[in-house]
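Next up, start_36.txt (compact mmCIF, C-alpha atoms):
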```
# COMPACT_ATOMS: atom_id res chain seq x y z
CA MET A 115 0.00 0.00 0.00
CA SER A 116 1.61 3.20 -1.14
CA ALA A 117 -0.48 5.38 1.15
CA PRO A 118 -2.30 4.67 4.38
CA ALA A 119 -6.03 4.36 4.43
CA ILE A 120 -7.98 6.92 6.40
CA GLU A 121 -10.26 5.67 9.11
CA PRO A 122 -13.92 6.53 8.46
CA GLY A 123 -15.28 9.40 10.49
CA THR A 124 -11.89 10.78 11.53
CA ALA A 125 -10.16 13.96 10.54
CA GLY A 126 -7.19 12.53 8.70
CA ARG A 127 -6.12 9.98 11.30
CA PRO A 128 -4.65 7.10 9.27
CA VAL A 129 -5.71 3.52 9.75
CA PRO A 130 -2.61 1.52 10.76
CA THR A 131 -1.08 -0.20 7.76
CA GLY A 132 -1.03 -3.45 9.71
CA ARG A 133 -4.82 -3.33 9.96
CA VAL A 134 -5.16 -3.07 6.18
CA VAL A 135 -2.64 -5.88 5.66
CA ALA A 136 -4.37 -8.10 8.22
CA TRP A 137 -7.67 -7.55 6.42
CA GLY A 138 -6.10 -8.52 3.09
CA VAL A 139 -4.42 -11.59 4.60
CA TRP A 140 -7.87 -13.11 5.16
CA ASP A 141 -8.36 -12.97 1.40
CA TRP A 142 -4.97 -14.66 0.98
CA GLY A 143 -6.10 -17.44 3.31
CA SER A 144 -9.56 -17.75 1.73
CA ALA A 145 -7.90 -18.99 -1.45
CA ALA A 146 -7.66 -22.30 0.39
CA TYR A 147 -11.41 -22.70 -0.04
CA ASN A 148 -12.00 -20.88 -3.30
CA ALA A 149 -9.03 -22.11 -5.33
CA VAL A 150 -8.21 -25.47 -3.75
CA ILE A 151 -11.46 -26.91 -2.41
CA LEU A 152 -14.17 -25.43 -4.61
CA THR A 153 -12.38 -24.94 -7.92
CA PHE A 154 -9.18 -26.71 -8.88
CA VAL A 155 -8.67 -29.70 -6.58
CA PHE A 156 -11.39 -31.20 -4.44
CA SER A 157 -14.40 -30.57 -6.70
CA VAL A 158 -12.41 -32.20 -9.51
CA TYR A 159 -11.61 -35.14 -7.23
CA LEU A 160 -15.32 -35.55 -6.42
CA THR A 161 -16.45 -35.61 -10.05
CA ASP A 162 -13.48 -37.27 -11.74
CA ALA A 163 -12.60 -39.89 -9.10
CA VAL A 164 -15.10 -40.33 -6.28
CA GLY A 165 -18.23 -40.14 -8.43
CA VAL A 166 -16.88 -41.52 -11.69
CA ASP A 167 -18.65 -44.91 -11.27
CA LEU A 168 -21.84 -43.44 -9.83
CA PRO A 169 -24.84 -45.57 -10.89
CA GLY A 170 -28.26 -44.21 -11.78
CA GLY A 171 -27.63 -42.22 -14.96
CA ILE A 172 -27.14 -38.81 -13.30
CA THR A 173 -23.49 -37.72 -13.40
CA ALA A 174 -21.46 -36.45 -10.46
CA ASN A 175 -21.17 -33.11 -12.30
CA THR A 176 -24.94 -32.76 -12.28
CA TRP A 177 -25.17 -33.62 -8.58
CA LEU A 178 -22.41 -31.09 -7.86
CA GLY A 179 -24.34 -28.38 -9.69
CA TRP A 180 -27.56 -29.18 -7.88
CA SER A 181 -25.97 -29.41 -4.43
CA LEU A 182 -24.21 -26.06 -4.84
CA GLY A 183 -27.45 -24.63 -6.19
CA LEU A 184 -29.28 -25.77 -3.06
CA ALA A 185 -26.52 -24.24 -0.93
CA GLY A 186 -26.98 -21.01 -2.87
CA LEU A 187 -30.69 -21.05 -2.07
CA PHE A 188 -29.92 -21.23 1.66
CA ILE A 189 -27.46 -18.37 1.23
CA ALA A 190 -30.05 -16.29 -0.60
CA VAL A 191 -32.60 -16.78 2.17
CA LEU A 192 -30.31 -16.31 5.18
CA ALA A 193 -27.34 -14.15 4.13
CA PRO A 194 -29.21 -10.83 3.85
CA VAL A 195 -30.00 -10.84 7.57
CA THR A 196 -26.94 -12.59 9.02
CA GLY A 197 -24.71 -9.65 8.12
CA GLN A 198 -27.34 -7.12 9.16
CA ARG A 199 -27.82 -8.74 12.57
CA ALA A 200 -24.07 -9.03 13.14
CA ASP A 201 -23.71 -5.31 12.48
CA ALA A 202 -26.69 -4.32 14.60
CA GLY A 203 -25.44 -6.39 17.53
CA GLY A 204 -21.84 -5.16 17.22
CA ARG A 205 -20.69 -8.69 16.35
CA ARG A 206 -19.16 -8.28 12.89
CA ARG A 207 -15.71 -9.52 13.91
CA LEU A 208 -17.21 -12.33 15.99
CA SER A 209 -19.41 -13.33 13.06
CA LEU A 210 -16.39 -13.44 10.74
CA GLY A 211 -14.51 -15.63 13.21
CA VAL A 212 -17.38 -18.08 13.74
CA TRP A 213 -18.20 -18.56 10.06
CA THR A 214 -14.51 -18.86 9.13
CA ALA A 215 -14.05 -21.53 11.83
CA LEU A 216 -17.05 -23.49 10.55
CA THR A 217 -15.69 -23.30 7.00
CA VAL A 218 -12.34 -24.66 8.20
CA ILE A 219 -14.10 -27.54 9.99
CA THR A 220 -15.98 -28.59 6.84
CA MET A 221 -12.74 -28.41 4.85
CA ALA A 222 -10.98 -30.69 7.33
CA GLY A 223 -13.96 -33.07 7.23
CA LEU A 224 -13.32 -33.67 3.53
CA PHE A 225 -10.39 -35.84 4.59
CA PHE A 226 -12.91 -38.65 5.18
CA VAL A 227 -14.18 -38.62 1.56
CA GLN A 228 -12.47 -41.67 0.10
CA ASP A 229 -12.19 -42.58 -3.58
CA ASP A 230 -15.48 -44.49 -3.73
CA TYR A 231 -18.83 -43.30 -5.04
CA HIS A 232 -20.47 -44.17 -1.72
CA TYR A 233 -18.57 -41.19 -0.25
CA LEU A 234 -19.82 -38.76 -2.92
CA TRP A 235 -22.78 -37.70 -0.79
CA LEU A 236 -20.56 -36.88 2.18
CA GLY A 237 -18.34 -34.83 -0.09
CA LEU A 238 -21.26 -32.94 -1.62
CA LEU A 239 -22.77 -32.27 1.82
CA LEU A 240 -19.52 -30.90 3.23
CA LEU A 241 -18.86 -28.86 0.09
CA SER A 242 -22.37 -27.37 0.25
CA LEU A 243 -22.11 -26.56 3.96
CA GLY A 244 -18.65 -25.08 3.41
CA SER A 245 -20.03 -22.86 0.65
CA ILE A 246 -22.77 -21.59 2.95
CA PHE A 247 -20.40 -20.90 5.86
CA PHE A 248 -17.81 -19.29 3.58
CA GLU A 249 -20.33 -16.91 2.04
CA PHE A 250 -21.62 -15.89 5.48
CA ALA A 251 -18.01 -15.17 6.48
CA SER A 252 -17.55 -13.14 3.30
CA VAL A 253 -20.52 -10.94 4.19
CA SER A 254 -18.80 -9.79 7.39
CA TYR A 255 -15.41 -9.61 5.67
CA ASN A 256 -16.67 -7.39 2.85
CA ALA A 257 -18.45 -5.16 5.34
CA MET A 258 -15.09 -4.61 7.07
CA LEU A 259 -13.85 -2.84 3.94
CA HIS A 260 -15.54 0.26 5.32
CA GLN A 261 -13.45 -0.05 8.50
CA VAL A 262 -10.08 -0.13 6.70
CA SER A 263 -10.71 2.52 4.02
CA THR A 264 -12.56 5.68 3.06
CA PRO A 265 -14.20 6.66 -0.24
CA ARG A 266 -10.80 8.12 -1.25
CA THR A 267 -8.91 4.88 -0.62
CA ILE A 268 -11.56 2.20 -0.99
CA GLY A 269 -10.51 1.31 -4.55
CA ARG A 270 -6.88 0.72 -3.61
CA VAL A 271 -7.74 -1.22 -0.47
CA SER A 272 -10.29 -3.32 -2.34
CA ALA A 273 -7.79 -4.05 -5.13
CA PHE A 274 -5.25 -5.03 -2.50
CA GLY A 275 -7.70 -7.61 -1.15
CA TRP A 276 -8.45 -9.02 -4.61
CA SER A 277 -4.76 -9.33 -5.44
CA MET A 278 -4.03 -11.06 -2.13
CA GLY A 279 -6.73 -13.60 -2.96
CA TYR A 280 -5.32 -14.29 -6.42
CA PHE A 281 -1.71 -14.57 -5.28
CA GLY A 282 -2.63 -16.64 -2.22
CA GLY A 283 -4.28 -19.08 -4.61
CA ILE A 284 -1.18 -19.21 -6.77
CA VAL A 285 1.15 -19.97 -3.86
CA LEU A 286 -1.14 -22.56 -2.28
CA LEU A 287 -1.84 -24.38 -5.55
CA LEU A 288 1.88 -24.65 -6.24
CA ILE A 289 2.56 -25.99 -2.75
CA CYS A 290 -0.21 -28.59 -3.10
CA TYR A 291 0.99 -29.60 -6.54
CA VAL A 292 4.63 -30.06 -5.50
CA GLY A 293 3.92 -31.56 -2.10
CA PHE A 294 0.99 -33.89 -2.67
CA ILE A 295 -0.25 -34.20 -6.24
CA ALA A 296 2.66 -34.33 -8.70
CA PRO A 297 4.95 -36.88 -6.96
CA ASP A 298 4.10 -40.59 -6.69
CA VAL A 299 5.01 -40.36 -3.02
CA GLY A 300 4.37 -36.93 -1.60
CA TRP A 301 5.15 -35.28 1.70
CA PHE A 302 4.79 -37.47 4.79
CA GLY A 303 4.83 -40.55 2.53
CA VAL A 304 1.39 -39.78 1.12
CA THR A 305 0.30 -41.66 -2.02
CA SER A 306 -2.79 -41.49 -4.22
CA GLN A 307 -4.30 -44.71 -2.82
CA ASP A 308 -7.94 -44.11 -1.82
CA GLY A 309 -7.42 -40.47 -2.81
CA LEU A 310 -5.19 -39.91 0.22
CA ASN A 311 -3.10 -37.23 -1.50
CA ILE A 312 -6.19 -35.12 -2.30
CA ARG A 313 -7.63 -35.73 1.16
CA MET A 314 -4.38 -34.49 2.69
CA VAL A 315 -4.63 -31.40 0.48
CA ALA A 316 -7.99 -30.72 2.19
CA ILE A 317 -6.31 -30.89 5.61
CA PHE A 318 -3.45 -28.66 4.47
CA ALA A 319 -5.90 -26.14 2.98
CA ALA A 320 -7.93 -26.09 6.21
CA LEU A 321 -4.80 -25.33 8.25
CA TRP A 322 -3.81 -22.63 5.74
CA PHE A 323 -7.18 -20.86 6.05
CA ALA A 324 -7.18 -21.20 9.85
CA LEU A 325 -3.71 -19.63 10.08
CA PHE A 326 -4.24 -16.71 7.73
CA GLY A 327 -7.80 -16.10 8.90
CA LEU A 328 -6.59 -15.13 12.37
CA PRO A 329 -4.82 -11.74 11.89
CA VAL A 330 -7.96 -9.83 10.89
CA LEU A 331 -9.67 -10.96 14.11
CA PHE A 332 -6.96 -9.27 16.19
CA ALA A 333 -6.12 -6.23 14.03
CA VAL A 334 -9.55 -4.90 13.02
CA PRO A 335 -11.60 -3.72 16.03
CA GLU A 336 -15.17 -4.74 16.64
CA ILE A 337 -17.82 -2.25 15.57
CA THR A 338 -20.25 -0.50 17.88
CA GLY A 339 -23.68 -2.08 17.67
CA ALA A 340 -27.02 -0.35 17.58
CA PRO A 341 -28.74 0.46 20.88
CA ALA A 342 -30.56 -2.55 22.26
CA ALA A 343 -33.89 -0.76 21.89
CA LYS A 344 -33.37 -0.52 18.11
CA ARG A 345 -32.45 -4.15 17.55
CA VAL A 346 -35.06 -6.45 16.07
CA GLY A 347 -35.67 -10.17 15.98
CA PHE A 348 -34.60 -12.55 13.23
CA PHE A 349 -37.77 -12.42 11.14
CA ALA A 350 -38.23 -8.70 11.74
CA SER A 351 -34.77 -8.23 10.21
CA TYR A 352 -36.28 -9.03 6.82
CA GLY A 353 -38.71 -6.16 7.31
CA VAL A 354 -35.79 -3.81 7.99
CA LEU A 355 -34.00 -5.08 4.88
CA PHE A 356 -36.98 -4.54 2.58
CA ARG A 357 -37.66 -1.12 4.10
CA ASP A 358 -34.08 -0.03 3.41
CA LEU A 359 -34.31 -1.31 -0.16
CA ARG A 360 -37.57 0.58 -0.76
CA GLU A 361 -36.00 3.80 0.52
CA MET A 362 -32.96 3.29 -1.68
CA PHE A 363 -35.16 2.58 -4.70
CA ARG A 364 -37.00 5.85 -4.08
CA THR A 365 -33.90 8.01 -3.69
CA SER A 366 -31.34 6.20 -5.87
CA PRO A 367 -33.03 3.71 -8.23
CA HIS A 368 -29.99 3.09 -10.41
CA THR A 369 -28.07 1.91 -7.36
CA VAL A 370 -30.74 -0.75 -6.86
CA TYR A 371 -30.61 -1.63 -10.57
CA PHE A 372 -26.85 -2.13 -10.31
CA LEU A 373 -27.19 -4.31 -7.22
CA GLY A 374 -29.57 -6.55 -9.17
CA ALA A 375 -27.46 -6.66 -12.33
CA SER A 376 -24.25 -7.32 -10.43
CA ALA A 377 -25.92 -10.12 -8.47
CA LEU A 378 -26.55 -11.88 -11.77
CA PHE A 379 -23.20 -11.46 -13.47
CA ARG A 380 -21.21 -12.09 -10.28
CA ASP A 381 -23.00 -15.43 -9.94
CA GLY A 382 -21.84 -16.22 -13.46
CA LEU A 383 -18.29 -15.17 -12.59
CA ALA A 384 -18.31 -17.48 -9.57
CA ALA A 385 -19.60 -20.36 -11.70
CA VAL A 386 -16.70 -19.95 -14.15
CA PHE A 387 -14.22 -20.85 -11.42
CA THR A 388 -16.50 -23.37 -9.69
CA PHE A 389 -17.05 -25.52 -12.77
CA GLY A 390 -14.13 -24.54 -14.99
CA ALA A 391 -11.69 -27.07 -13.56
CA VAL A 392 -14.32 -29.82 -13.54
CA LEU A 393 -15.03 -29.23 -17.22
CA ALA A 394 -11.31 -29.10 -18.00
CA VAL A 395 -10.97 -32.72 -16.87
CA THR A 396 -14.30 -34.28 -17.86
CA VAL A 397 -14.80 -32.49 -21.20
CA TYR A 398 -11.46 -31.25 -22.51
CA GLY A 399 -9.24 -34.09 -21.36
CA ILE A 400 -6.80 -32.21 -19.15
CA ASN A 401 -5.01 -34.37 -16.60
CA SER A 402 -6.27 -33.88 -13.04
CA ALA A 403 -2.80 -32.91 -11.83
CA ASP A 404 -2.31 -30.44 -14.67
CA VAL A 405 -5.50 -28.63 -13.66
CA LEU A 406 -3.51 -27.11 -10.79
CA ILE A 407 -1.00 -25.67 -13.24
CA PHE A 408 -3.88 -24.22 -15.23
CA GLY A 409 -5.26 -22.80 -11.99
CA VAL A 410 -1.97 -21.06 -11.23
CA VAL A 411 -1.78 -19.53 -14.71
CA ALA A 412 -5.48 -18.59 -14.59
CA ASN A 413 -4.95 -16.69 -11.32
CA VAL A 414 -1.96 -14.85 -12.78
CA VAL A 415 -3.93 -13.91 -15.91
CA SER A 416 -6.93 -12.76 -13.83
CA ALA A 417 -4.69 -10.64 -11.60
CA ILE A 418 -2.99 -9.04 -14.64
CA GLY A 419 -6.40 -8.34 -16.17
CA ALA A 420 -7.63 -6.67 -12.99
CA LEU A 421 -4.53 -4.50 -12.62
CA THR A 422 -4.59 -3.46 -16.28
CA ALA A 423 -8.30 -2.68 -16.23
CA GLY A 424 -7.79 -0.33 -13.29
CA ARG A 425 -6.31 2.28 -15.61
CA PHE A 426 -9.22 2.01 -18.06
CA ASP A 427 -11.63 2.13 -15.13
CA ASP A 428 -10.29 5.56 -14.18
CA ARG A 429 -10.39 6.84 -17.77
CA LEU A 430 -13.55 5.28 -19.19
CA GLY A 431 -15.55 4.43 -16.08
CA PRO A 432 -16.30 1.08 -14.45
CA LYS A 433 -19.43 0.33 -16.50
CA THR A 434 -17.44 0.34 -19.74
CA VAL A 435 -14.92 -2.07 -18.26
CA ILE A 436 -17.63 -4.43 -16.96
CA VAL A 437 -19.57 -4.43 -20.25
CA PHE A 438 -16.40 -5.09 -22.24
CA SER A 439 -15.32 -7.85 -19.83
CA LEU A 440 -18.68 -9.64 -19.84
CA SER A 441 -18.81 -9.44 -23.64
CA GLY A 442 -15.33 -10.96 -23.85
CA MET A 443 -16.36 -13.77 -21.52
CA LEU A 444 -19.49 -14.52 -23.55
CA ILE A 445 -17.46 -14.71 -26.76
CA SER A 446 -14.75 -16.97 -25.32
CA GLY A 447 -17.32 -19.12 -23.49
CA THR A 448 -19.30 -19.63 -26.70
CA ILE A 449 -16.13 -20.74 -28.48
CA LEU A 450 -15.38 -23.19 -25.66
CA LEU A 451 -18.83 -24.67 -26.18
CA PHE A 452 -17.80 -25.94 -29.62
CA VAL A 453 -14.06 -26.69 -29.41
CA SER A 454 -12.39 -29.76 -27.93
CA GLY A 455 -9.04 -30.85 -26.56
CA PRO A 456 -6.59 -29.55 -23.95
CA THR A 457 -4.94 -27.01 -26.28
CA MET A 458 -8.20 -25.26 -27.12
CA PHE A 459 -9.14 -25.16 -23.44
CA TRP A 460 -5.80 -23.61 -22.49
CA ILE A 461 -6.15 -20.92 -25.16
CA PHE A 462 -9.76 -19.90 -24.73
CA GLY A 463 -9.99 -20.79 -21.02
CA LEU A 464 -7.18 -18.35 -20.24
CA PHE A 465 -8.67 -15.80 -22.63
CA LEU A 466 -11.88 -16.02 -20.60
CA CYS A 467 -9.98 -15.66 -17.30
CA LEU A 468 -8.41 -12.46 -18.61
CA PHE A 469 -11.82 -10.78 -18.25
CA VAL A 470 -12.80 -12.19 -14.84
CA GLY A 471 -10.51 -9.95 -12.76
CA PRO A 472 -11.60 -6.70 -14.47
CA ALA A 473 -15.28 -7.55 -14.06
CA GLN A 474 -14.81 -8.28 -10.35
CA SER A 475 -12.68 -5.25 -9.48
CA SER A 476 -14.68 -2.73 -11.56
CA SER A 477 -17.92 -4.01 -10.06
CA ARG A 478 -16.73 -3.05 -6.58
CA THR A 479 -15.38 0.27 -7.91
CA PHE A 480 -18.74 0.99 -9.55
CA LEU A 481 -20.49 0.74 -6.21
CA ALA A 482 -17.77 2.66 -4.37
CA ARG A 483 -18.42 5.64 -6.66
CA LEU A 484 -22.17 5.38 -6.17
CA ALA A 485 -22.02 5.22 -2.38
CA PRO A 486 -23.25 8.45 -0.71
CA VAL A 487 -21.22 9.78 2.18
CA GLY A 488 -22.25 8.07 5.40
CA LYS A 489 -23.99 5.19 3.60
CA GLU A 490 -20.94 3.25 2.39
CA GLY A 491 -21.21 0.50 4.97
CA GLN A 492 -24.90 -0.10 4.34
CA LEU A 493 -24.42 -0.13 0.57
CA PHE A 494 -21.50 -2.54 0.64
CA GLY A 495 -23.44 -4.74 3.01
CA LEU A 496 -26.28 -4.87 0.48
CA TYR A 497 -23.74 -5.50 -2.28
CA ALA A 498 -22.40 -8.50 -0.41
CA THR A 499 -25.80 -9.94 0.41
CA THR A 500 -27.60 -9.29 -2.89
CA GLY A 501 -24.61 -10.89 -4.59
CA ARG A 502 -25.74 -14.13 -2.98
CA ALA A 503 -29.46 -13.64 -3.62
CA VAL A 504 -29.27 -15.51 -6.93
CA SER A 505 -26.21 -17.63 -6.11
CA PHE A 506 -28.23 -20.76 -6.76
CA LEU A 507 -28.99 -19.76 -10.37
CA ALA A 508 -25.78 -20.59 -12.25
CA PRO A 509 -25.09 -23.90 -10.43
CA THR A 510 -28.72 -24.97 -10.88
CA LEU A 511 -28.73 -24.10 -14.59
CA PHE A 512 -25.38 -25.86 -15.00
CA GLY A 513 -26.88 -29.01 -13.48
CA PHE A 514 -30.09 -28.59 -15.51
CA PHE A 515 -28.37 -28.42 -18.88
CA THR A 516 -25.99 -31.29 -18.14
CA PHE A 517 -29.03 -33.38 -17.13
CA VAL A 518 -31.29 -32.45 -20.06
CA PHE A 519 -28.63 -32.91 -22.74
CA ASP A 520 -26.84 -35.74 -20.91
CA ALA A 521 -23.54 -33.98 -21.55
CA ASP A 522 -21.25 -32.11 -19.15
CA ARG A 523 -20.30 -29.68 -21.93
CA ALA A 524 -23.90 -28.44 -22.05
CA GLY A 525 -23.46 -26.96 -18.55
CA ILE A 526 -21.51 -24.12 -20.19
CA VAL A 527 -24.81 -22.89 -21.65
CA GLY A 528 -26.20 -22.36 -18.14
CA ILE A 529 -23.20 -20.22 -17.14
CA LEU A 530 -23.38 -18.18 -20.36
CA LEU A 531 -27.09 -17.52 -19.82
CA VAL A 532 -26.45 -16.03 -16.37
CA LEU A 533 -23.58 -13.87 -17.66
CA GLY A 534 -25.76 -12.72 -20.56
CA LEU A 535 -28.67 -11.84 -18.29
CA GLY A 536 -26.31 -9.87 -16.06
CA LEU A 537 -24.98 -7.94 -19.05
CA LEU A 538 -28.47 -7.12 -20.31
CA ALA A 539 -29.54 -5.98 -16.84
CA LEU A 540 -26.46 -3.74 -16.58
CA LEU A 541 -26.89 -1.93 -19.91
CA PRO A 542 -29.68 0.49 -18.79
CA VAL A 543 -27.97 1.27 -15.47
CA ARG A 544 -26.72 4.85 -15.29
CA PRO A 545 -22.96 4.78 -14.55
CA PRO A 546 -21.38 6.87 -11.79
CA ALA A 547 -19.51 9.97 -12.87
CA THR A 548 -15.86 9.13 -13.55
CA ALA A 549 -14.90 12.54 -12.23
CA ALA A 550 -15.84 11.25 -8.80
CA ALA A 551 -13.30 8.49 -8.99
CA PRO A 552 -10.91 8.23 -6.06
CA PRO A 553 -7.59 9.92 -6.76
CA ALA A 554 -4.66 7.71 -7.70
```

As structure tokens:
Amino acid sequence: MSAPAIEPGTAGRPVPTGRVVAWGVWDWGSAAYNAVILTFVFSVYLTDAVGVDLPGGITANTWLGWSLGLAGLFIAVLAPVTGQRADAGGRRRLSLGVWTALTVITMAGLFFVQDDYHYLWLGLLLLSLGSIFFEFASVSYNAMLHQVSTPRTIGRVSAFGWSMGYFGGIVLLLICYVGFIAPDVGWFGVTSQDGLNIRMVAIFAALWFALFGLPVLFAVPEITGAPAAKRVGFFASYGVLFRDLREMFRTSPHTVYFLGASALFRDGLAAVFTFGAVLAVTVYGINSADVLIFGVVANVVSAIGALTAGRFDDRLGPKTVIVFSLSGMLISGTILLFVSGPTMFWIFGLFLCLFVGPAQSSSRTFLARLAPVGKEGQLFGLYATTGRAVSFLAPTLFGFFTFVFDADRAGIVGILLVLGLGLLALLPVRPPATAAAPPA
């Protein structure tokens, strides 16, 4: 960080650099779930090894899509009020710690998923629960962005978090590849019998997340909750949520439009990484071990795309960057629908990843420029929760198309539909003025 963040509500008093770094380190640690468990290692193990001989005619890929879709439905119903209640009760940091711990526990539990289709259901259950717990943790984590930045520095601090996530994934994937996956006999004498090497990766990833998830809990202070008289019960929290949304729609309708549009295309972005590695193995013939190498390169390409797009974001505005990125993803995804073989996947898969980072980073910048003074925390809380409101859509459509057409490749259509809907919903949204962009 070239300049310290300024603590909200203070007259120039800088937030300690260590607090910003500790916040970003959580993103570094979260790569253990996003990159290793959900994307490039354990989900591939479930579909390509554990569930490969699954009887009944429905593939493991389809079951994976449906189970993650069901998890997304739980997130959509519960996430909007979990973050709100944590903030109202002054328990944001506690909430982050609890949900992170539960995510780590489900990751460690994956060690018991042996290479036998009878264990597929345990793996899907733990993966679904982990997704729910991780997203609840992310709600509190994203809300903390307001505590380690101001509107002048929120773009830099946010980009710092994104980059830590990408690079944490790169480092961890390389460690797992060298230590457990590439060698015939890995660290601690681990072999691939009964999937032991992948199961040990789950343990290692759980320890990684537990270790790097701790600093933020000590460095970022707990928030002050609302007075007890103003706190409401669980079900009444939904009333508060809808009341706030109605007020926002009345005073700033395009902000609400963007929240809806971004919820759609961010679900598509998440699905690209969730199912990309699975498709690489089952459709394009990439070796399971080589998927990790692809994952490393994909993270590098996404990080480069995000950093490069930052300059265009400042010059052309975030909406232009998002529209261009989603269009590029739709083009490359359509090409992937018709090509075959590892070489084609490497070319067009990486081309697609080039646009993921810009879409993610400019989406957060878009909202940062829309946020009125004094409402940043509320708006980013809504951004985090509405982002999960349709999180079941892409996984469910992925599973639907693989089931209907009896082909894993057809799942790409479901992802493209969600990205396309997000792009169409974004087009009429009025962009924030680029003149209001935070200074470099």

#### Entry: For Leu383 in chain A, the nearest of the candidates A:Ala316, A:Met443, A:Ala149, A:Leu243, counting all atoms listed in the file
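Checking each candidate against Leu383 in chain A, we get A:Met443 as the closest.
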
### Query
Restricting the calculation to all atoms listed in the file, which member of A:Trp276, A:Phe462, A:Phe247, A:Phe281 is positioned closest to Ala420 in chain A?
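Looking only at the distances to Ala420 in chain A, the closest residue turns out to be A:Trp276.
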
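Atom pair CA of Ala146 in chain A / CA of Ile436 in chain A: separated by 26.8 Å.
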
### Message
Neighbouring residues of Ala417 in chain A were defined as those with any atom within 10 Å, considering all atoms listed in the file; residues of the same chain fewer than 2 positions away were excluded. Please report them as a PyMOL selection string.
### Response
chain A and resi 273+276-281+411-415+419-423+467-472+475

### Task
List the neighbours of Tyr497 in chain A out to 10 Å using all atoms listed in the file; skip same-chain residues closer than 6 positions along the sequence, and give me the result as a PyMOL selection string.
chain A and resi 194+253+256-257+369-370+372-374+376-377+477-478+481+491

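The smallest atom-to-atom distance between Trp322 in chain A and any of A:Trp140, A:Phe452, A:Phe506, A:Phe363, using all atoms listed in the file, is found for A:Trp140.
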
### Message
So, with only C-alpha atoms as the atoms that count, which of A:Phe438, A:Phe426, A:Tyr255, A:Phe302 lies closest to Gly138 in chain A?
### Response
A:Tyr255

### Selection near Ser242 in chain A, 9 Å with only C-alpha atoms, sequence-local residues under 4 positions removed, as a ChimeraX atom specification
/A:178,181-186,237-238,246-247

Dump C-alpha atoms for the selected residues as a PDB file, in the coordinates of the input?
```
ATOM      1  CA  LEU A 178     -22.410 -31.090  -7.860  1.00  0.00           C
ATOM      2  CA  SER A 181     -25.970 -29.410  -4.430  1.00  0.00           C
ATOM      3  CA  LEU A 182     -24.210 -26.060  -4.840  1.00  0.00           C
ATOM      4  CA  GLY A 183     -27.450 -24.630  -6.190  1.00  0.00           C
ATOM      5  CA  LEU A 184     -29.280 -25.770  -3.060  1.00  0.00           C
ATOM      6  CA  ALA A 185     -26.520 -24.240  -0.930  1.00  0.00           C
ATOM      7  CA  GLY A 186     -26.980 -21.010  -2.870  1.00  0.00           C
ATOM      8  CA  GLY A 237     -18.340 -34.830  -0.090  1.00  0.00           C
ATOM      9  CA  LEU A 238     -21.260 -32.940  -1.620  1.00  0.00           C
ATOM     10  CA  ILE A 246     -22.770 -21.590   2.950  1.00  0.00           C
ATOM     11  CA  PHE A 247     -20.400 -20.900   5.860  1.00  0.00           C
TER      12      PHE A 247
END
```

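Straight-line separation from CA of Val218 in chain A to CA of Ile400 in chain A: 28.9 Å.
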
### Query
What is the CA of Phe512 in chain A to CA of Thr217 in chain A distance in Å?
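Separation between CA of Phe512 in chain A and CA of Thr217 in chain A: 24.2 Å.
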
### Task
Would you mind listing what lies within 7 Å of Gly244 in chain A as a ChimeraX atom specification, with only C-alpha atoms counted and same-chain residues fewer than 3 positions away left out?
/A:217,220-221,240-241,247-248

### Residues within 8 Å of (-7.9, -11.7, 10.0), counting only C-alpha atoms, listed as a ChimeraX atom specification
/A:136-140,326-334

### Task
Might you pull out every residue within 10 Å of His232 in chain A, with all atoms listed in the file counted and same-chain residues fewer than 5 positions away left off, and present them as a list in words?
Val164, Gly165, Asp167, Leu168, Val227 and Gly237 of chain A

### Query
Smallest atom-to-atom distance to Val397 in chain A: which of A:Ser272, A:Asn175, A:Thr479, A:Ser263, using all atoms listed in the file?
A:Asn175

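Proximity to Ser454 in chain A was assessed for A:Thr396, A:Ser439, A:Thr173, A:Ser476 counting only C-alpha atoms; the smallest distance is recorded for A:Thr396.
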
### Message
Distance cut-off 10 Å, centre (-9.1, -22.2, -3.5) in file coordinates, counting all atoms listed in the file: which residues qualify? Return them as a count of residues only.
### Response
27
